[in-house]
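Enquirer: If it helps, the file is called coords-v7.pdb and holds PDB, C-alpha atoms and all ligand atoms:
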MODEL        1
ATOM      1  CA  MET A 191     -16.491 -55.642  23.550
ATOM      2  CA  ASP A 192     -16.125 -51.932  23.104
ATOM      3  CA  ARG A 193     -13.821 -51.058  20.254
ATOM      4  CA  MET A 194     -13.562 -47.358  19.602
ATOM      5  CA  ARG A 195     -11.807 -47.985  16.298
ATOM      6  CA  ARG A 196     -14.923 -49.506  14.642
ATOM      7  CA  LEU A 197     -16.224 -46.038  13.883
ATOM      8  CA  ARG A 198     -12.908 -44.936  12.405
ATOM      9  CA  MET A 199     -12.579 -47.659   9.790
ATOM     10  CA  ASN A 200     -13.539 -45.651   6.716
ATOM     11  CA  PRO A 201     -14.077 -42.022   5.722
ATOM     12  CA  ILE A 202     -17.842 -42.357   5.348
ATOM     13  CA  ILE A 203     -18.269 -43.547   8.905
ATOM     14  CA  ARG A 204     -15.830 -40.928  10.162
ATOM     15  CA  ASP A 205     -17.760 -38.181   8.363
ATOM     16  CA  MET A 206     -21.014 -39.519   9.755
ATOM     17  CA  VAL A 207     -19.953 -39.469  13.385
ATOM     18  CA  ARG A 208     -17.975 -36.230  13.234
ATOM     19  CA  GLU A 209     -19.148 -33.987  16.083
ATOM     20  CA  ASN A 210     -17.997 -30.561  14.910
ATOM     21  CA  HIS A 211     -17.780 -28.800  11.577
ATOM     22  CA  VAL A 212     -16.268 -25.602  10.299
ATOM     23  CA  ARG A 213     -18.794 -23.686   8.205
ATOM     24  CA  LYS A 214     -18.194 -20.776   5.869
ATOM     25  CA  GLU A 215     -21.291 -19.040   7.204
ATOM     26  CA  GLU A 216     -19.594 -18.741  10.565
ATOM     27  CA  LEU A 217     -16.333 -17.206   9.374
ATOM     28  CA  ILE A 218     -15.591 -13.509   9.840
ATOM     29  CA  TYR A 219     -12.719 -11.954   7.907
ATOM     30  CA  PRO A 220     -10.875  -8.917   9.352
ATOM     31  CA  ILE A 221      -9.873  -6.191   6.874
ATOM     32  CA  PHE A 222      -7.591  -3.186   7.455
ATOM     33  CA  VAL A 223      -8.661  -0.022   5.652
ATOM     34  CA  MET A 224      -6.261   2.858   5.416
ATOM     35  CA  GLU A 225      -6.660   6.509   4.522
ATOM     36  CA  GLY A 226      -5.002   7.447   1.240
ATOM     37  CA  GLU A 227      -5.080   6.383  -2.369
ATOM     38  CA  LYS A 228      -3.976   3.330  -4.321
ATOM     39  CA  ILE A 229      -2.686   1.617  -1.210
ATOM     40  CA  CYS A 230      -2.227  -2.143  -1.016
ATOM     41  CA  ASN A 231       0.381  -2.326   1.628
ATOM     42  CA  PRO A 232       1.530  -5.722   2.960
ATOM     43  CA  VAL A 233       1.679  -6.369   6.693
ATOM     44  CA  GLU A 234       5.120  -7.880   6.977
ATOM     45  CA  SER A 235       4.451 -10.210   9.886
ATOM     46  CA  MET A 236       1.149 -11.399   8.389
ATOM     47  CA  PRO A 237       1.799 -12.836   4.907
ATOM     48  CA  GLY A 238      -1.309 -12.504   2.737
ATOM     49  CA  ILE A 239      -2.729  -9.609   4.756
ATOM     50  CA  TYR A 240      -2.686  -6.056   3.355
ATOM     51  CA  ARG A 241      -3.779  -2.565   4.302
ATOM     52  CA  TYR A 242      -6.069  -1.189   1.610
ATOM     53  CA  SER A 243      -7.200   2.291   0.768
ATOM     54  CA  ILE A 244     -10.871   2.434  -0.149
ATOM     55  CA  ASP A 245     -10.106   2.787  -3.872
ATOM     56  CA  SER A 246      -8.023  -0.423  -3.741
ATOM     57  CA  MET A 247     -10.371  -2.390  -1.538
ATOM     58  CA  SER A 248     -12.340  -3.975  -4.360
ATOM     59  CA  GLN A 249      -9.647  -6.543  -5.111
ATOM     60  CA  GLU A 250      -9.947  -7.850  -1.553
ATOM     61  CA  LEU A 251     -13.742  -7.608  -1.437
ATOM     62  CA  ASP A 252     -13.978  -9.509  -4.728
ATOM     63  CA  ARG A 253     -11.958 -12.321  -3.174
ATOM     64  CA  VAL A 254     -14.193 -12.278  -0.101
ATOM     65  CA  VAL A 255     -17.395 -12.526  -2.131
ATOM     66  CA  GLU A 256     -15.940 -15.130  -4.467
ATOM     67  CA  ALA A 257     -14.812 -17.293  -1.560
ATOM     68  CA  GLY A 258     -18.337 -17.204  -0.164
ATOM     69  CA  ILE A 259     -17.366 -15.357   3.008
ATOM     70  CA  LYS A 260     -20.390 -13.491   4.330
ATOM     71  CA  ALA A 261     -18.998 -11.240   7.043
ATOM     72  CA  VAL A 262     -16.104  -8.814   7.394
ATOM     73  CA  LEU A 263     -14.723  -6.992  10.431
ATOM     74  CA  LEU A 264     -13.306  -3.567   9.621
ATOM     75  CA  PHE A 265     -10.330  -1.862  11.273
ATOM     76  CA  GLY A 266      -9.317   1.657  10.323
ATOM     77  CA  ILE A 267      -5.926   3.280   9.958
ATOM     78  CA  PRO A 268      -6.403   7.053   9.886
ATOM     79  CA  ALA A 269      -4.009   9.588   8.346
ATOM     80  CA  HIS A 270      -3.996  11.680  11.532
ATOM     81  CA  LYS A 271      -4.112  10.711  15.152
ATOM     82  CA  ASP A 272      -4.805  12.962  18.123
ATOM     83  CA  GLU A 273      -5.148  12.836  21.911
ATOM     84  CA  ILE A 274      -8.900  12.257  21.771
ATOM     85  CA  GLY A 275      -9.053   9.766  18.893
ATOM     86  CA  SER A 276     -11.357  11.982  16.896
ATOM     87  CA  GLY A 277     -10.854   9.936  13.729
ATOM     88  CA  ALA A 278     -12.852   7.135  15.347
ATOM     89  CA  TYR A 279     -16.077   9.147  15.517
ATOM     90  CA  ASP A 280     -15.550  11.452  12.545
ATOM     91  CA  GLU A 281     -18.605  11.147  10.255
ATOM     92  CA  HIS A 282     -16.146  10.915   7.370
ATOM     93  CA  GLY A 283     -13.589   8.754   9.150
ATOM     94  CA  ILE A 284     -11.858   5.948   7.312
ATOM     95  CA  VAL A 285     -14.113   3.142   8.580
ATOM     96  CA  GLN A 286     -17.290   5.198   8.091
ATOM     97  CA  GLU A 287     -16.308   5.837   4.467
ATOM     98  CA  ALA A 288     -15.301   2.204   3.908
ATOM     99  CA  ILE A 289     -18.702   1.074   5.196
ATOM    100  CA  ARG A 290     -20.426   3.532   2.853
ATOM    101  CA  PHE A 291     -18.364   2.246  -0.054
ATOM    102  CA  ILE A 292     -19.211  -1.409   0.655
ATOM    103  CA  LYS A 293     -22.880  -0.678   1.143
ATOM    104  CA  SER A 294     -23.101   1.414  -2.029
ATOM    105  CA  GLU A 295     -21.624  -1.288  -4.279
ATOM    106  CA  PRO A 296     -24.242  -3.858  -5.290
ATOM    107  CA  LYS A 297     -21.515  -6.523  -5.528
ATOM    108  CA  TYR A 298     -20.599  -6.116  -1.857
ATOM    109  CA  SER A 299     -23.625  -4.592  -0.175
ATOM    110  CA  ARG A 300     -24.948  -7.919   1.085
ATOM    111  CA  LEU A 301     -21.829  -8.568   3.111
ATOM    112  CA  LEU A 302     -22.399  -8.365   6.849
ATOM    113  CA  VAL A 303     -20.229  -5.425   7.842
ATOM    114  CA  ILE A 304     -19.006  -5.434  11.432
ATOM    115  CA  ALA A 305     -17.097  -2.380  12.673
ATOM    116  CA  ASP A 306     -14.565  -2.687  15.478
ATOM    117  CA  VAL A 307     -15.178   0.069  18.024
ATOM    118  CA  CYS A 308     -12.030   1.297  19.767
ATOM    119  CA  LEU A 309      -9.913   4.421  20.021
ATOM    120  CA  CYS A 310      -6.398   2.938  19.934
ATOM    121  CA  GLU A 311      -5.948   3.178  16.163
ATOM    122  CA  TYR A 312      -6.950   6.856  16.357
ATOM    123  CA  THR A 313      -5.172   8.166  19.448
ATOM    124  CA  SER A 314      -1.680   9.678  19.320
ATOM    125  CA  HIS A 315      -0.811   7.830  22.571
ATOM    126  CA  GLY A 316      -2.140   4.511  21.198
ATOM    127  CA  HIS A 317      -4.363   3.735  24.175
ATOM    128  CA  CYS A 318      -7.955   2.536  23.862
ATOM    129  CA  GLY A 319      -9.324   5.369  25.995
ATOM    130  CA  LEU A 320      -8.705   8.990  26.923
ATOM    131  CA  VAL A 321      -5.548   9.590  28.923
ATOM    132  CA  LYS A 322      -4.977  11.970  31.802
ATOM    133  CA  ASP A 323      -1.837  12.091  33.959
ATOM    134  CA  GLY A 324      -0.773   8.705  32.619
ATOM    135  CA  MET A 325      -4.129   7.111  33.540
ATOM    136  CA  ILE A 326      -6.499   5.593  31.002
ATOM    137  CA  LEU A 327      -9.861   7.122  31.853
ATOM    138  CA  ASN A 328     -12.917   4.890  31.870
ATOM    139  CA  ASP A 329     -16.135   6.870  32.218
ATOM    140  CA  GLU A 330     -14.862   9.817  30.181
ATOM    141  CA  THR A 331     -14.118   7.414  27.300
ATOM    142  CA  LEU A 332     -17.611   5.899  27.170
ATOM    143  CA  PRO A 333     -19.359   8.759  25.306
ATOM    144  CA  LEU A 334     -16.659   8.652  22.618
ATOM    145  CA  LEU A 335     -17.083   4.910  22.126
ATOM    146  CA  ALA A 336     -20.855   5.360  21.966
ATOM    147  CA  LYS A 337     -20.451   8.154  19.446
ATOM    148  CA  THR A 338     -18.161   5.956  17.344
ATOM    149  CA  ALA A 339     -20.645   3.083  17.358
ATOM    150  CA  VAL A 340     -23.516   5.384  16.342
ATOM    151  CA  SER A 341     -21.486   6.893  13.501
ATOM    152  CA  TYR A 342     -20.704   3.404  12.168
ATOM    153  CA  ALA A 343     -24.384   2.482  12.342
ATOM    154  CA  LYS A 344     -25.282   5.710  10.529
ATOM    155  CA  ALA A 345     -22.770   4.843   7.799
ATOM    156  CA  GLY A 346     -24.525   1.495   7.350
ATOM    157  CA  ALA A 347     -22.669  -0.992   9.571
ATOM    158  CA  ASP A 348     -24.667  -4.124  10.355
ATOM    159  CA  MET A 349     -23.015  -4.732  13.712
ATOM    160  CA  VAL A 350     -20.549  -3.078  16.090
ATOM    161  CA  ALA A 351     -17.803  -4.786  18.073
ATOM    162  CA  PRO A 352     -16.354  -2.848  21.019
ATOM    163  CA  SER A 353     -12.787  -4.019  21.720
ATOM    164  CA  ASP A 354     -11.629  -1.315  24.152
ATOM    165  CA  MET A 355     -12.322  -3.154  27.449
ATOM    166  CA  MET A 356     -13.593  -0.070  29.294
ATOM    167  CA  ASP A 357     -16.122  -1.009  31.991
ATOM    168  CA  LYS A 358     -19.777  -0.366  31.102
ATOM    169  CA  ARG A 359     -19.100   0.359  27.453
ATOM    170  CA  VAL A 360     -21.671  -2.126  26.200
ATOM    171  CA  ARG A 361     -24.370  -0.363  28.203
ATOM    172  CA  ALA A 362     -23.288   3.046  26.924
ATOM    173  CA  ILE A 363     -23.191   1.835  23.311
ATOM    174  CA  ARG A 364     -26.553   0.034  23.559
ATOM    175  CA  LYS A 365     -28.209   3.137  24.984
ATOM    176  CA  ALA A 366     -26.757   5.412  22.310
ATOM    177  CA  LEU A 367     -27.681   3.041  19.472
ATOM    178  CA  ASP A 368     -31.258   2.757  20.778
ATOM    179  CA  GLU A 369     -31.632   6.501  21.206
ATOM    180  CA  ASN A 370     -30.541   7.017  17.636
ATOM    181  CA  GLY A 371     -32.993   4.521  16.202
ATOM    182  CA  PHE A 372     -30.612   1.591  15.824
ATOM    183  CA  VAL A 373     -32.447  -0.848  18.078
ATOM    184  CA  ASN A 374     -31.780  -3.674  15.633
ATOM    185  CA  ILE A 375     -28.025  -3.253  15.373
ATOM    186  CA  PRO A 376     -26.393  -6.025  17.439
ATOM    187  CA  ILE A 377     -23.365  -5.568  19.677
ATOM    188  CA  MET A 378     -20.646  -8.203  19.466
ATOM    189  CA  ALA A 379     -18.620  -7.493  22.595
ATOM    190  CA  TYR A 380     -15.009  -8.436  23.088
ATOM    191  CA  SER A 381     -15.871  -9.708  26.549
ATOM    192  CA  ALA A 382     -12.907 -11.792  27.518
ATOM    193  CA  LYS A 383     -10.048  -9.893  25.957
ATOM    194  CA  PHE A 384      -6.690 -10.561  27.544
ATOM    195  CA  ALA A 385      -3.637  -8.279  27.666
ATOM    196  CA  SER A 386      -1.759 -10.434  25.197
ATOM    197  CA  ALA A 387       1.504 -10.446  23.272
ATOM    198  CA  PHE A 388      -0.415 -12.247  20.515
ATOM    199  CA  TYR A 389      -1.694  -8.834  19.285
ATOM    200  CA  GLY A 390       1.828  -7.780  18.262
ATOM    201  CA  PRO A 391       1.435  -8.126  14.479
ATOM    202  CA  PHE A 392      -1.946  -6.347  14.565
ATOM    203  CA  ARG A 393      -0.343  -3.373  16.265
ATOM    204  CA  GLU A 394       2.263  -3.279  13.517
ATOM    205  CA  ALA A 395      -0.531  -3.449  10.934
ATOM    206  CA  ALA A 396      -2.631  -0.740  12.564
ATOM    207  CA  GLY A 397       0.194   1.318  14.047
ATOM    208  CA  SER A 398      -1.673   1.142  17.339
ATOM    209  CA  ALA A 399       0.931   0.075  19.880
ATOM    210  CA  PRO A 400       0.599   2.063  23.128
ATOM    211  CA  GLY A 401       3.054   4.967  23.192
ATOM    212  CA  PHE A 402       3.698   4.472  26.900
ATOM    213  CA  GLY A 403       3.015   1.609  29.302
ATOM    214  CA  ASP A 404       0.781  -1.276  28.277
ATOM    215  CA  ARG A 405      -2.885  -2.254  28.248
ATOM    216  CA  LYS A 406      -2.846  -4.169  31.532
ATOM    217  CA  THR A 407      -5.058  -1.681  33.380
ATOM    218  CA  TYR A 408      -7.962  -2.431  31.052
ATOM    219  CA  GLN A 409      -7.368  -5.728  29.249
ATOM    220  CA  MET A 410      -7.486  -8.890  31.361
ATOM    221  CA  ASP A 411      -4.656 -10.719  33.098
ATOM    222  CA  PRO A 412      -3.899 -13.870  31.046
ATOM    223  CA  ALA A 413      -3.877 -15.873  34.283
ATOM    224  CA  ASN A 414      -7.545 -15.203  35.063
ATOM    225  CA  GLY A 415     -10.141 -17.569  33.666
ATOM    226  CA  ARG A 416     -12.795 -17.141  36.335
ATOM    227  CA  GLU A 417     -12.657 -13.381  36.038
ATOM    228  CA  ALA A 418     -13.395 -13.811  32.325
ATOM    229  CA  MET A 419     -16.793 -15.218  33.302
ATOM    230  CA  ARG A 420     -17.561 -12.055  35.255
ATOM    231  CA  GLU A 421     -16.659  -9.969  32.215
ATOM    232  CA  VAL A 422     -19.025 -12.061  30.107
ATOM    233  CA  GLU A 423     -21.799 -11.763  32.654
ATOM    234  CA  GLU A 424     -21.417  -7.988  32.785
ATOM    235  CA  ASP A 425     -21.499  -7.637  29.017
ATOM    236  CA  ILE A 426     -24.588  -9.825  28.677
ATOM    237  CA  THR A 427     -26.335  -7.851  31.408
ATOM    238  CA  GLU A 428     -25.413  -4.606  29.664
ATOM    239  CA  GLY A 429     -26.885  -5.794  26.385
ATOM    240  CA  ALA A 430     -24.294  -7.735  24.387
ATOM    241  CA  ASP A 431     -25.890  -9.918  21.695
ATOM    242  CA  LEU A 432     -22.765 -11.923  20.902
ATOM    243  CA  ILE A 433     -19.482 -12.253  22.749
ATOM    244  CA  ILE A 434     -15.865 -12.674  21.717
ATOM    245  CA  ALA A 435     -13.069 -14.662  23.330
ATOM    246  CA  LYS A 436      -9.603 -13.431  22.407
ATOM    247  CA  PRO A 437      -6.899 -14.642  21.873
ATOM    248  CA  THR A 438      -7.880 -18.250  21.312
ATOM    249  CA  MET A 439      -5.261 -20.965  21.126
ATOM    250  CA  ALA A 440      -3.811 -20.372  24.591
ATOM    251  CA  TYR A 441      -7.343 -19.685  25.922
ATOM    252  CA  MET A 442      -9.412 -22.671  24.799
ATOM    253  CA  ASP A 443     -10.525 -23.293  28.378
ATOM    254  CA  VAL A 444     -12.059 -19.823  28.464
ATOM    255  CA  ILE A 445     -14.084 -20.525  25.306
ATOM    256  CA  ARG A 446     -15.288 -23.827  26.742
ATOM    257  CA  GLU A 447     -16.324 -22.264  30.028
ATOM    258  CA  MET A 448     -18.138 -19.442  28.268
ATOM    259  CA  ALA A 449     -20.027 -21.946  26.118
ATOM    260  CA  THR A 450     -20.973 -24.083  29.104
ATOM    261  CA  ALA A 451     -22.040 -21.222  31.331
ATOM    262  CA  TYR A 452     -23.869 -18.915  28.894
ATOM    263  CA  ASN A 453     -26.467 -19.347  26.204
ATOM    264  CA  ILE A 454     -25.148 -16.741  23.782
ATOM    265  CA  PRO A 455     -23.249 -17.137  20.490
ATOM    266  CA  ILE A 456     -19.492 -16.991  21.008
ATOM    267  CA  ALA A 457     -16.911 -15.838  18.488
ATOM    268  CA  ALA A 458     -13.344 -17.098  18.752
ATOM    269  CA  TYR A 459     -10.943 -14.376  17.595
ATOM    270  CA  ASN A 460      -7.933 -16.167  16.129
ATOM    271  CA  VAL A 461      -5.628 -13.158  16.463
ATOM    272  CA  SER A 462      -2.747 -11.747  14.456
ATOM    273  CA  GLY A 463       0.072 -13.397  16.430
ATOM    274  CA  GLU A 464      -1.559 -16.793  16.102
ATOM    275  CA  TYR A 465      -1.850 -16.263  12.355
ATOM    276  CA  ALA A 466       1.760 -15.040  12.124
ATOM    277  CA  MET A 467       3.105 -18.126  13.911
ATOM    278  CA  VAL A 468       1.293 -20.534  11.616
ATOM    279  CA  LYS A 469       2.316 -18.597   8.495
ATOM    280  CA  ALA A 470       5.960 -18.403   9.554
ATOM    281  CA  ALA A 471       6.177 -22.117  10.340
ATOM    282  CA  ALA A 472       4.383 -22.999   7.100
ATOM    283  CA  ALA A 473       6.704 -20.781   5.049
ATOM    284  CA  LYS A 474       9.644 -22.685   6.463
ATOM    285  CA  GLY A 475       8.025 -25.967   5.550
ATOM    286  CA  PHE A 476       7.901 -27.033   9.196
ATOM    287  CA  ILE A 477       4.156 -27.684   9.186
ATOM    288  CA  ASP A 478       1.374 -28.464   6.713
ATOM    289  CA  GLU A 479      -0.496 -25.147   6.639
ATOM    290  CA  LYS A 480      -3.846 -26.435   5.426
ATOM    291  CA  LYS A 481      -4.022 -29.333   7.874
ATOM    292  CA  ILE A 482      -2.814 -27.240  10.778
ATOM    293  CA  VAL A 483      -5.246 -24.396  10.103
ATOM    294  CA  MET A 484      -8.225 -26.724   9.692
ATOM    295  CA  GLU A 485      -7.286 -28.522  12.907
ATOM    296  CA  ILE A 486      -7.107 -25.194  14.739
ATOM    297  CA  MET A 487     -10.488 -24.100  13.341
ATOM    298  CA  THR A 488     -12.067 -27.409  14.316
ATOM    299  CA  GLY A 489     -10.608 -27.005  17.783
ATOM    300  CA  PHE A 490     -12.446 -23.686  18.187
ATOM    301  CA  LYS A 491     -15.725 -25.375  17.291
ATOM    302  CA  ARG A 492     -15.056 -28.242  19.693
ATOM    303  CA  ALA A 493     -14.248 -25.750  22.440
ATOM    304  CA  GLY A 494     -17.682 -24.210  21.940
ATOM    305  CA  ALA A 495     -17.217 -21.296  19.561
ATOM    306  CA  LYS A 496     -20.007 -20.530  17.116
ATOM    307  CA  MET A 497     -18.292 -17.971  14.877
ATOM    308  CA  ILE A 498     -14.591 -17.738  14.053
ATOM    309  CA  ILE A 499     -12.892 -14.422  13.337
ATOM    310  CA  THR A 500      -9.743 -15.295  11.429
ATOM    311  CA  TYR A 501      -7.199 -13.914   8.954
ATOM    312  CA  HIS A 502      -7.179 -17.436   7.473
ATOM    313  CA  ALA A 503     -10.851 -17.104   6.430
ATOM    314  CA  LEU A 504     -10.279 -16.907   2.660
ATOM    315  CA  ASP A 505      -7.971 -19.929   2.694
ATOM    316  CA  VAL A 506     -10.332 -21.865   4.938
ATOM    317  CA  ALA A 507     -13.240 -21.134   2.604
ATOM    318  CA  GLY A 508     -11.207 -22.468  -0.319
ATOM    319  CA  TRP A 509     -10.233 -25.613   1.555
ATOM    320  CA  LEU A 510     -13.852 -26.240   2.578
ATOM    321  CA  ASP A 511     -14.801 -26.104  -1.111
ATOM    322  CA  GLU A 512     -12.137 -28.689  -1.948
ATOM    323  CA  GLN A 513     -13.635 -31.138   0.540
ATOM    324  CA  VAL A 514     -17.041 -31.280  -1.166
TER     325      VAL A 514
HETATM  326  C1  LIG A 601      -8.153  -2.764  19.236
HETATM  327  C2  LIG A 601      -7.952  -4.168  18.824
HETATM  328  C3  LIG A 601      -6.779  -4.948  18.884
HETATM  329  C4  LIG A 601      -7.085  -6.169  18.292
HETATM  330  C5  LIG A 601      -8.427  -6.125  17.917
HETATM  331  N1  LIG A 601      -8.939  -4.888  18.267
HETATM  332  C6  LIG A 601      -5.417  -4.609  19.366
HETATM  333  C7  LIG A 601      -5.159  -4.420  20.795
HETATM  334  O1  LIG A 601      -6.023  -4.581  21.655
HETATM  335  O2  LIG A 601      -4.018  -4.026  21.064
HETATM  336  C8  LIG A 601      -6.131  -7.312  18.079
HETATM  337  C9  LIG A 601      -6.457  -8.202  16.947
HETATM  338  C10 LIG A 601      -5.362  -9.103  16.508
HETATM  339  O3  LIG A 601      -4.280  -9.203  17.117
HETATM  340  O4  LIG A 601      -5.572  -9.748  15.476
HETATM  341  N2  LIG A 601      -8.218  -2.550  20.599
ENDMDL
END
Would you write out, as structure tokens, the structure that this file holds?
Ligand code: PBG
Expert:
Amino acid sequence: MDRMRRLRMNPIIRDMVRENHVRKEELIYPIFVMEGEKICNPVESMPGIYRYSIDSMSQELDRVVEAGIKAVLLFGIPAHKDEIGSGAYDEHGIVQEAIRFIKSEPKYSRLLVIADVCLCEYTSHGHCGLVKDGMILNDETLPLLAKTAVSYAKAGADMVAPSDMMDKRVRAIRKALDENGFVNIPIMAYSAKFASAFYGPFREAAGSAPGFGDRKTYQMDPANGREAMREVEEDITEGADLIIAKPTMAYMDVIREMATAYNIPIAAYNVSGEYAMVKAAAAKGFIDEKKIVMEIMTGFKRAGAKMIITYHALDVAGWLDEQV
């Protein structure tokens, strides 16, 4: 007689038949870098997460290296914003300089440095593209995104991750990278990025909330799973090497469908609002943080994600060490 419980009777058997594992090598840790000096500025809604100036970044990078995390995703907070987001593609912009710093320090230079490509942190209106008459322009934005990606590659980034959701941006970025000799720099595209309230804490952290309206004319409608597959298909056709699903916990079906339909590595982006909810509940003692976070991470793997981008990465790395 079939008895499913036979394989659950002791931890050795359970370990042996476990289908999915969270691995440190697959974790990507987001870091906010801010223009200025001696800054280590807490993000209120994200306990444990800080904005660092480059001269203060070492404390965080030391923790990253010590934890055995191999990859970081950089977001920049510039001192000045303007209509055209020029800080994003400034050769000496905050992210460009942070990349140079990481790559020039032997302790950190082996980290895989991924740079988020978007204009919203750099525009005075807070939108991810150029704005004219209240419209977010698509084609006019593409050269700026391409220029941003190339400047990150020039600074030494190992990978670029466009998060703007303009149509055809992967193609524009691929072409510009190739023309500038960066044929081996991969593009990790935020392919299925939904217009989500789960980005709230990030926008507080980066000061990037849209000054008017919302992002619904470029980010996806949370109701549309099938459309997400078209976005993925487009990005792969345009040259994406890896794809991102974002947010994650309310979108597990999207991750699963992506993994079933396409043979390309998928990153689950466990976003700021998801992190904030877990941290807030844990701080109140309502949930067991470690168990909840590991269950969430395992869920991403089961859904079909390969990599996990998460603010919990340092904690997860520590908990994985405890298990050995
Ligand atoms: C920039 C960008 C955002 C996030 C990643 N890249 C914010 C947004 O689209 O408003 C959100 C990440 C998070 O919430 O952790 N476009």
Enquirer: Per residue of chain A within 7 Å of ligand LIG 601 (chain A), which atom pair is closest and at what distance in Å (one decimal), using all atoms listed in the file, listed by chain and increasing number, as a Markdown table?
Expert:
| residue | atom | partner | partner_atom | distance |
| --- | --- | --- | --- | --- |
| A:Asp306 | CA | A:LIG601 | N1 | 6.7 |
| A:Cys308 | CA | A:LIG601 | N2 | 5.5 |
| A:Cys310 | CA | A:LIG601 | N2 | 5.8 |
| A:Cys318 | CA | A:LIG601 | N2 | 6.0 |
| A:Ser353 | CA | A:LIG601 | N2 | 4.9 |
| A:Asp354 | CA | A:LIG601 | N2 | 5.1 |
| A:Phe388 | CA | A:LIG601 | O3 | 6.0 |
| A:Tyr389 | CA | A:LIG601 | O3 | 3.4 |
| A:Gly390 | CA | A:LIG601 | O3 | 6.4 |
| A:Pro391 | CA | A:LIG601 | O3 | 6.4 |
| A:Phe392 | CA | A:LIG601 | O3 | 4.5 |
| A:Arg393 | CA | A:LIG601 | C6 | 6.1 |
| A:Ser398 | CA | A:LIG601 | O2 | 6.8 |
| A:Ala399 | CA | A:LIG601 | O2 | 6.5 |
| A:Asn460 | CA | A:LIG601 | O4 | 6.9 |
| A:Val461 | CA | A:LIG601 | O4 | 3.6 |
| A:Ser462 | CA | A:LIG601 | O4 | 3.6 |
| A:Gly463 | CA | A:LIG601 | O3 | 6.1 |
Enquirer: Between atom CA of Val422 of chain A and atom CA of Ser381 of chain A, what is the distance, to one decimal in Å?
Expert: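 If I compute the distance from atom CA of Val422 of chain A to atom CA of Ser381 of chain A, I get 5.3 Å.
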Enquirer: Fewer than 4 positions away in the same chain doesn't count, so skip those; otherwise give me all residues within 10 Å of Ala507 of chain A, counting all atoms listed in the file, as JSON, numbers by chain.
Expert: {"A": [212, 213, 214, 215, 217, 254, 256, 257, 258, 259, 502, 503, 511, 512]}
Enquirer: Report the centre and edge lengths, in Å to one decimal, of an axis-aligned box enclosing every atom of segment 218-232 of chain A listed in the file, padded by 6 Å on each side, as AutoDock Vina command-line options.
Expert:
--center_x -7.0 --center_y -3.0 --center_z 2.8 --size_x 29.1 --size_y 33.0 --size_z 26.2
Enquirer: What's around Asn374 of chain A at 10 Å? Count all atoms listed in the file, leave out sequence neighbours fewer than 5 positions away in its own chain, and write the answer as a PyMOL selection string.
Expert: chain A and resi 348-349+367-368
Enquirer: Nearest residue to Pro437 of chain A out of A:Tyr240, A:Tyr380, A:Tyr452, A:Arg492, using only C-alpha atoms?
Expert: A:Tyr380
Enquirer: Of the candidates A:Asn414, A:Gln513, A:Thr313, A:Asn210, which one gets nearest to Ala278 of chain A if we count only C-alpha atoms?
Expert: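 Smallest separation from Ala278 of chain A among the options: A:Thr313.
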Enquirer: Going by the chain IDs and residue numbers used in this file, which residues fall under the PyMOL selection byres (((chain A and resi 334) around 12) and not hetatm)? Write them as a ChimeraX atom specification.
Expert: /A:274-280,307-309,312-313,318-320,327-333,335-341,352,354,356,359,362-363,366
Enquirer: What does the distance between atom CA of Pro376 of chain A and atom CA of Leu432 of chain A come to in Å, to one decimal place?
Expert: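 Going from atom CA of Pro376 of chain A over to atom CA of Leu432 of chain A, I get 7.7 Å.
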Enquirer: Spell out the residues picked by the PyMOL selection byres (((chain A and resi 454) around 12) and not hetatm) here, as a list in words.
Expert: Met378, Ala379, Ser381, Val422, Glu423, Asp425, Ile426, Thr427, Gly429, Ala430, Asp431, Leu432, Ile433, Ile434, Ile445, Met448, Ala449, Thr450, Ala451, Tyr452, Asn453, Pro455, Ile456, Ala457, Gly494, Ala495, Lys496 and Met497 of chain A
Enquirer: For Glu234 of chain A, which residue among A:Ala470, A:Ile377, A:Val303, A:Leu263 is the nearest when counting all atoms listed in the file?
Expert: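 That would be A:Ala470, the residue with the smallest distance to Glu234 of chain A.
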Enquirer: Between A:Pro296, A:Gly401, A:Gly283, A:Arg253, which is the closest to Gly324 of chain A once you count only C-alpha atoms?
Expert: A:Gly401
